[in-house]
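*Asks:* I'd like to ask some things about the structure below.
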Amino acid sequence: FCHMLTSKSIHHNLSHESMDESTRAERYSRQIAAMGSDSVALLAEASVLLIGLGGAGAEIAKTLCLSGVHRLTVVDERENCLGMEHDFFCRTTKEGATVAQCAIPCLSQLNPWSAISEAKMKEAFEVHFICTFNAVVFSIFPGQQFLFGEAQRLDIICREHGVKFFLVEVAGIFGRCFADCGQNFSFSDGNGEKPAAAFLAGLSRTEEGNVLLHLSEEKKGGFQVGDEVIVKELTWRHADGHMEHPICAVGGLEVSAVMAHSLELLLSDEQKDLLSSVTEDKLFTGGIVKQVKNMETGSHLPLSEGCADRIRVQKSSSLDSTKLPDVPLIHYLLDLCAQRNDKSRHEDFVSLKAIQHIVLTKFPTLQSSGEHMRLVLEAYYGGAGILPPLTSVMGGLVGQEVLKGICRKYRPLDQWLVFDCREVLPELHVEPFNRLPRGTRFDSQAAVLGWGLTTLLRSRKLFVAGAGAIGCELLKLYAQIGVGTIENGALLVTDYDVVEMHNLSSQFLFTEGDIGKKKSRAAAHALVRRFEDVNVMPYEEKIGLSSEEAFNDEFFDSLNGISNGLDNVEARLHVDQKCIYYRKSFVDAGTYGMKGHVQAVVADLSENYANLSDAQEPSIPLCTLKYFPHSHEHTIQWAKNAFDNFFGVEVDELSAYIEKGRAFVVEGSRTGASKLSLIKTLRVNLSIIASASYSDCLRWGIVTFLRLFQANIAALLRRFPRNMVTSSGAPFWGGPKRRPSPLLLDLDNSEQRRFVILAARLRARSLGIHVNHSIENDLSSLAGSIDMELLNDSDVELGGIQGEVDIGRGSQAEVSEETIIEECRTLPDTRPVCGQLLPIFFGGEGKKEVHIDFVMAAANLRGKCYEIEASDRYTVQSVAEKITPALVTSTSVVSGLAVLEMIKVLQEKKLEFHRNSYFNLALPFFTSSMPSPPVSRYHGDHKWTVWSNIQINGDKDLTLREFLDAFKSKFGLSVSMISCGVSMVYSLFAPKRRISERLRMTMTRIAVEVGKVKLSPCQRYLVFEVFAEDETGNSVETPHVLYTLAKP
């Protein structure tokens, strides 16, 4: 109440209570996948006070709004956006307006469910005001009015009333942050990983009496000594081989040792007695061990104590582990920068020479010249400026710490973190006169980098691949540092996707009004609306072979660098290959939930992306999906496949039959048994559309339930009985193979009834039949009219299970062509009269909620068969839609680090200045390393790497003979084969006549006529892959040939 009386500029956005569950799931789906629905719900009720929008403050405000914080109150009483001209979220609205008043309208557009308001600095120290917040953030930056002592005083108030306190400070190339979650706090999920789990192959005892859990596969990852685990679903057999006695669960077990294929457990006497029967009988058949994540506790010191030199050394970490020895110096230099803001202590900010003397006295191991004295210079001269990518890094870090504090989830920072980006500085020291302000929005940046580098950045031409979460951040940062703001400079961006609702929680350039628009154009429009001087060129091309014409030789030759904001490995590999061909540097950035990485790929100097690329997501084996699921991922994927098959594929096949008649079946490419199955499906669906009766759709839903969850399961158990053993004598059922149980039809059961009705409605909609809801209450009578004999011949197919058990017969009996033709005659020859057929595929047209409903119902019923835990709606949506966990916080960090690397690329820095970075904000953990140089290979005096190419230039188009002679003359190698595109255009093993003809052809003609290369007007090169041999006949791996096209 007090807050509402004293705060001003309140933007009453929509309340979170007005957000229905489907909207919440859609908007925050990526965030839910990363942090869980419980955390998103806590954020929707949280309030945060942010003091200072300068430096990293605006970035923190952005992350909190997008993350769904209920109420954000900002304090910044500077007038007319002083020092904020470069910021994206602060625009002067009227003369005399405060920074907070200017920023609130922009911040409010980020999330209509977050209420943004302004408060005065004097209110921040009122206890009744502070008590209305869950967290307070204090931002220190050059030119502000806040004092470090005020931050300490505010922290004390917060600690006394259980409010989390966070401090962030940026100045020049330096940044640091501090977290105080209180004297005693607790948190869950200390590492952000899913609890480790593994199937058991057996149990045994050690000499000391402990138990060894033998894992069914080498899967020790995630288990650590000291972990608490639970062992559940333990089963074993008596000597007669028939009876099984399950032990539901044994908890409270401690891991004492971790081996490649086993875990050793410390057991109490009671636990030993409970497990003794399993280990003694030696007839163990299966079980699961799972890590238990308990609440953890911690304790933080107040800022007043944490500022002591000794504590700062003990409680500090660094984004770059190689700089840990410099942490005390960086703290001292940031203290120095803070003094500049404190007018009462401004006299302490003495001459540079005096400060250098103080530093050498305080840190006697430092040299009087060199790298560390350069840091002193930068604190003295550049500490008055702000570097946008650094604020992005620090803002993302602190934003995540605030979310952790509110949700009490993941391990908080302990307690200081420092960072400096000294590697971005120009090689030569920037003189003071080259840092002086010129009345532009780049004054603050020039104070750090100097006007020479700032002007260079403004004239550069960069390509941003992808305008998603990372792409939006990259575009904003490049616009802030001035890329593409003077002649010859430009920001080019491509993305073929359109804006969707779920993008709005992490892609701040988009609003609800942009939904359905192309991302690249919407992002370009948002950038130009804020920074009119930026030259943005949007493309709508998908990165890949289909965009070769748009992104041609002329396009790549004009670029100074490439930034990857792509979300899949295939597209990244394509960019990587293009950069190798054109010898262009690029910076790759990626996130997965709270994890992120940045890889600097420096032309000629570093290894390429493919040499250190992300692994492709493993696919689920088909036999696991069809017969042996053991996790909710398997049941959900199976249900999604069933959805597409029932309501998409079968309807497409029905349409094809109606159009082509029996020829569609007889002349189709399917095998005999598959054709027989197709005929059965067509017969059923033709019968339904002939009657045009919704009651037939309901009967189909009941039959589908019986077939999927009863008949097929029973057929599987007949094929693999309870006592089946593998060829090695081990039990067939056990470990990952969970023995299923058929479900009995019970239409009074809400889950079964829901499945039947959903299936019937989707079947009716796909076949153009009217849905009559009134008869859905009479399912029992419809079930009584079903001929159960039809289910005896189950459609279950049991092929593909090789090497484990003797199946005894082929997976499918041979079906003759005559049988197919005979069965086809049972299908109607005339085209049935029916409504509009509408194939429905998961995630396609129609209500997505219904798609999720069906998949959830089917997956959980299959889970009941296999005793797999039921999945909630968020889990089903996440797996079915392959939702990648994403957080705006980790996106901010990774984008800031990527732009810092690009600044180095544009200065053509040596490899030793670049950093590949990896972080996990859940821990938090940070590491960085210098990129590795490319692998070299040699032939004679020639040294080649992945970046090498052989350039063949000339005034005329060479014939193949001339090309071969030139290659032999230059390298002493004989060419055996040449490929262009996907075609082999020359081979020594080809017929002599063909070789003779091609030797007289020009290389361009060979590429076009033989290689089927389509030349574009802007094309400057042809790429040939050459296979060559030396004088001894040994193969020599040569670089690709970049053949310059002769000018007409």
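The chains in the structure tokens are called A, B, ... from first to last as shown; in each chain the residues are counted from 1, and the ligands are counted from 1 in the order shown.
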Based on DSSP run over this structure's backbone, return all residues of range 77-226 of chain A in alpha helix (DSSP H), as a list in words.

*Replies:*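 Taking range 77-226 of chain A and keeping alpha helix (DSSP H) only, one gets Val99, Ala100, Gln101, Cys102, Ala103, Ile104, Pro105, Cys106, Leu107, Ser108, Val127, His128, Phe129, Ile130, Phe148, Gly149, Glu150, Ala151, Gln152, Arg153, Leu154, Asp155, Ile156, Ile157, Cys158, Arg159 and Glu160 of chain A.
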
*Asks:* Print the selection's residues with N, CA and C atoms to a file, as an mmCIF file, in the first residue's frame.

*Replies:*
```cif
data_model
loop_
_atom_site.group_PDB
_atom_site.id
_atom_site.type_symbol
_atom_site.label_atom_id
_atom_site.label_comp_id
_atom_site.auth_asym_id
_atom_site.auth_seq_id
_atom_site.Cartn_x
_atom_site.Cartn_y
_atom_site.Cartn_z
ATOM 1 N N VAL A 99 15.470 9.461 -16.272
ATOM 2 C CA VAL A 99 15.829 8.254 -17.013
ATOM 3 C C VAL A 99 14.785 7.173 -16.792
ATOM 4 N N ALA A 100 14.334 7.015 -15.546
ATOM 5 C CA ALA A 100 13.331 5.989 -15.246
ATOM 6 C C ALA A 100 12.048 6.233 -16.027
ATOM 7 N N GLN A 101 11.600 7.493 -16.075
ATOM 8 C CA GLN A 101 10.370 7.819 -16.806
ATOM 9 C C GLN A 101 10.521 7.573 -18.295
ATOM 10 N N CYS A 102 11.709 7.783 -18.820
ATOM 11 C CA CYS A 102 11.948 7.537 -20.248
ATOM 12 C C CYS A 102 12.005 6.043 -20.565
ATOM 13 N N ALA A 103 12.495 5.262 -19.617
ATOM 14 C CA ALA A 103 12.682 3.829 -19.871
ATOM 15 C C ALA A 103 11.411 3.030 -19.678
ATOM 16 N N ILE A 104 10.532 3.468 -18.793
ATOM 17 C CA ILE A 104 9.354 2.668 -18.437
ATOM 18 C C ILE A 104 8.476 2.327 -19.645
ATOM 19 N N PRO A 105 8.157 3.265 -20.546
ATOM 20 C CA PRO A 105 7.325 2.882 -21.699
ATOM 21 C C PRO A 105 7.960 1.777 -22.546
ATOM 22 N N CYS A 106 9.266 1.826 -22.748
ATOM 23 C CA CYS A 106 9.946 0.799 -23.543
ATOM 24 C C CYS A 106 9.935 -0.547 -22.823
ATOM 25 N N LEU A 107 10.208 -0.518 -21.526
ATOM 26 C CA LEU A 107 10.227 -1.762 -20.762
ATOM 27 C C LEU A 107 8.841 -2.384 -20.690
ATOM 28 N N SER A 108 7.811 -1.560 -20.606
ATOM 29 C CA SER A 108 6.451 -2.074 -20.493
ATOM 30 C C SER A 108 6.022 -2.824 -21.744
ATOM 31 N N VAL A 127 12.121 1.093 5.343
ATOM 32 C CA VAL A 127 11.952 -0.333 5.617
ATOM 33 C C VAL A 127 10.622 -0.858 5.086
ATOM 34 N N HIS A 128 9.533 -0.103 5.340
ATOM 35 C CA HIS A 128 8.224 -0.601 4.892
ATOM 36 C C HIS A 128 8.159 -0.705 3.373
ATOM 37 N N PHE A 129 8.939 0.096 2.678
ATOM 38 C CA PHE A 129 8.987 0.046 1.209
ATOM 39 C C PHE A 129 9.799 -1.159 0.745
ATOM 40 N N ILE A 130 10.962 -1.367 1.339
ATOM 41 C CA ILE A 130 11.835 -2.483 0.947
ATOM 42 C C ILE A 130 11.139 -3.822 1.189
ATOM 43 N N PHE A 148 28.798 3.940 -3.182
ATOM 44 C CA PHE A 148 29.004 2.564 -2.765
ATOM 45 C C PHE A 148 28.541 2.363 -1.318
ATOM 46 N N GLY A 149 28.730 3.392 -0.509
ATOM 47 C CA GLY A 149 28.294 3.293 0.881
ATOM 48 C C GLY A 149 26.788 3.125 0.994
ATOM 49 N N GLU A 150 26.044 3.740 0.084
ATOM 50 C CA GLU A 150 24.591 3.579 0.080
ATOM 51 C C GLU A 150 24.195 2.143 -0.208
ATOM 52 N N ALA A 151 24.967 1.495 -1.096
ATOM 53 C CA ALA A 151 24.701 0.091 -1.397
ATOM 54 C C ALA A 151 24.893 -0.779 -0.156
ATOM 55 N N GLN A 152 25.930 -0.496 0.630
ATOM 56 C CA GLN A 152 26.176 -1.262 1.849
ATOM 57 C C GLN A 152 25.048 -1.050 2.853
ATOM 58 N N ARG A 153 24.587 0.187 2.966
ATOM 59 C CA ARG A 153 23.508 0.486 3.914
ATOM 60 C C ARG A 153 22.211 -0.213 3.490
ATOM 61 N N LEU A 154 21.948 -0.215 2.194
ATOM 62 C CA LEU A 154 20.741 -0.858 1.689
ATOM 63 C C LEU A 154 20.798 -2.374 1.878
ATOM 64 N N ASP A 155 21.968 -2.950 1.711
ATOM 65 C CA ASP A 155 22.135 -4.394 1.901
ATOM 66 C C ASP A 155 21.793 -4.800 3.332
ATOM 67 N N ILE A 156 22.182 -3.986 4.296
ATOM 68 C CA ILE A 156 21.893 -4.300 5.698
ATOM 69 C C ILE A 156 20.380 -4.344 5.929
ATOM 70 N N ILE A 157 19.655 -3.375 5.372
ATOM 71 C CA ILE A 157 18.196 -3.357 5.506
ATOM 72 C C ILE A 157 17.599 -4.617 4.885
ATOM 73 N N CYS A 158 18.093 -4.985 3.697
ATOM 74 C CA CYS A 158 17.577 -6.173 3.007
ATOM 75 C C CYS A 158 17.817 -7.435 3.828
ATOM 76 N N ARG A 159 19.010 -7.589 4.374
ATOM 77 C CA ARG A 159 19.334 -8.787 5.164
ATOM 78 C C ARG A 159 18.416 -8.907 6.378
ATOM 79 N N GLU A 160 18.148 -7.778 7.022
ATOM 80 C CA GLU A 160 17.326 -7.805 8.230
ATOM 81 C C GLU A 160 15.890 -8.213 7.950
#
```

*Asks:* May I ask for the distance between CA of Tyr918 in chain A and CA of Ile406 in chain A, given in Å to one decimal place?

*Replies:*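 Straight-line distance from CA of Tyr918 in chain A to CA of Ile406 in chain A works out to 24.9 Å.
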
*Asks:* Write out as a list in words which residues come within 12 Å of Asp557 in chain A when counting only C-alpha atoms, dropping same-chain ones fewer than 5 positions away.

*Replies:*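 Once the nearby chain positions are removed, what remains is Lys461, Leu462, Phe463, Phe551, Asn552, Ile562, Lys578, Cys579, Tyr581, Tyr582, Arg583, Lys584, Ser585, Cys1018, Gln1019, Arg1020 and Tyr1021 of chain A.
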
*Asks:* Would you write out those residues with C-alpha atoms, as a PDB file, in the first residue's frame?

*Replies:*
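Produced file out14.pdb, reproduced below:
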```pdb
ATOM      1  CA  LYS A 461      29.708  -4.933 -42.667  1.00  0.00           C
ATOM      2  CA  LEU A 462      28.526  -7.896 -40.584  1.00  0.00           C
ATOM      3  CA  PHE A 463      26.150 -10.754 -41.324  1.00  0.00           C
ATOM      4  CA  PHE A 551      24.281 -15.579 -50.452  1.00  0.00           C
ATOM      5  CA  ASN A 552      26.655 -15.755 -53.389  1.00  0.00           C
ATOM      6  CA  ILE A 562      29.742 -13.360 -39.548  1.00  0.00           C
ATOM      7  CA  LYS A 578      31.143 -21.166 -46.424  1.00  0.00           C
ATOM      8  CA  CYS A 579      33.530 -19.307 -44.135  1.00  0.00           C
ATOM      9  CA  TYR A 581      35.708 -21.293 -48.711  1.00  0.00           C
ATOM     10  CA  TYR A 582      35.724 -17.509 -48.448  1.00  0.00           C
ATOM     11  CA  ARG A 583      38.251 -17.357 -45.579  1.00  0.00           C
ATOM     12  CA  LYS A 584      35.935 -15.336 -43.399  1.00  0.00           C
ATOM     13  CA  SER A 585      36.008 -15.289 -39.610  1.00  0.00           C
ATOM     14  CA  CYS A1018      27.312 -12.424 -59.392  1.00  0.00           C
ATOM     15  CA  GLN A1019      29.338 -15.634 -59.230  1.00  0.00           C
ATOM     16  CA  ARG A1020      33.096 -15.130 -59.165  1.00  0.00           C
ATOM     17  CA  TYR A1021      34.431 -18.574 -58.391  1.00  0.00           C
TER      18      TYR A1021
END
```

*Asks:* Can you tell me, as a list in words, what residues are no more than 10 Å from Lys1014 in chain A when counting only C-alpha atoms, ignoring any on the same chain fewer than 6 positions away?

*Replies:*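 The residues satisfying every condition are Glu549, Ala1007 and Val1008 of chain A.
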
*Asks:* Which is closest to Asp604 in chain A among A:Val534, A:Ala880, A:Leu838, A:Val905, if we use only C-alpha atoms?

*Replies:*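 The answer is A:Val905, which sits nearest to Asp604 in chain A.
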
*Asks:* Pick out each residue of range 285-384 of chain A that DSSP on the backbone tags as strand (DSSP E); I need them as a PyMOL selection string.

*Replies:* chain A and resi 285-292+296-298+316-318

*Asks:* With C-alpha atoms retained, export the selected residues as a PDB file, in the first residue's frame.

*Replies:*
```pdb
ATOM      1  CA  THR A 285      15.999 -59.362 -13.102  1.00  0.00           C
ATOM      2  CA  GLY A 286      15.974 -55.585 -12.980  1.00  0.00           C
ATOM      3  CA  GLY A 287      15.816 -52.274 -11.184  1.00  0.00           C
ATOM      4  CA  ILE A 288      16.575 -48.569 -11.426  1.00  0.00           C
ATOM      5  CA  VAL A 289      18.953 -46.338  -9.494  1.00  0.00           C
ATOM      6  CA  LYS A 290      18.155 -42.644  -9.423  1.00  0.00           C
ATOM      7  CA  GLN A 291      19.898 -39.654  -7.912  1.00  0.00           C
ATOM      8  CA  VAL A 292      17.955 -37.780  -5.231  1.00  0.00           C
ATOM      9  CA  GLU A 296      20.948 -27.452   0.020  1.00  0.00           C
ATOM     10  CA  THR A 297      21.857 -24.591   2.343  1.00  0.00           C
ATOM     11  CA  GLY A 298      24.286 -21.712   2.209  1.00  0.00           C
ATOM     12  CA  SER A 316      35.597 -14.052  -5.859  1.00  0.00           C
ATOM     13  CA  SER A 317      35.448 -15.978  -9.111  1.00  0.00           C
ATOM     14  CA  SER A 318      36.205 -14.831 -12.644  1.00  0.00           C
TER      15      SER A 318
END
```
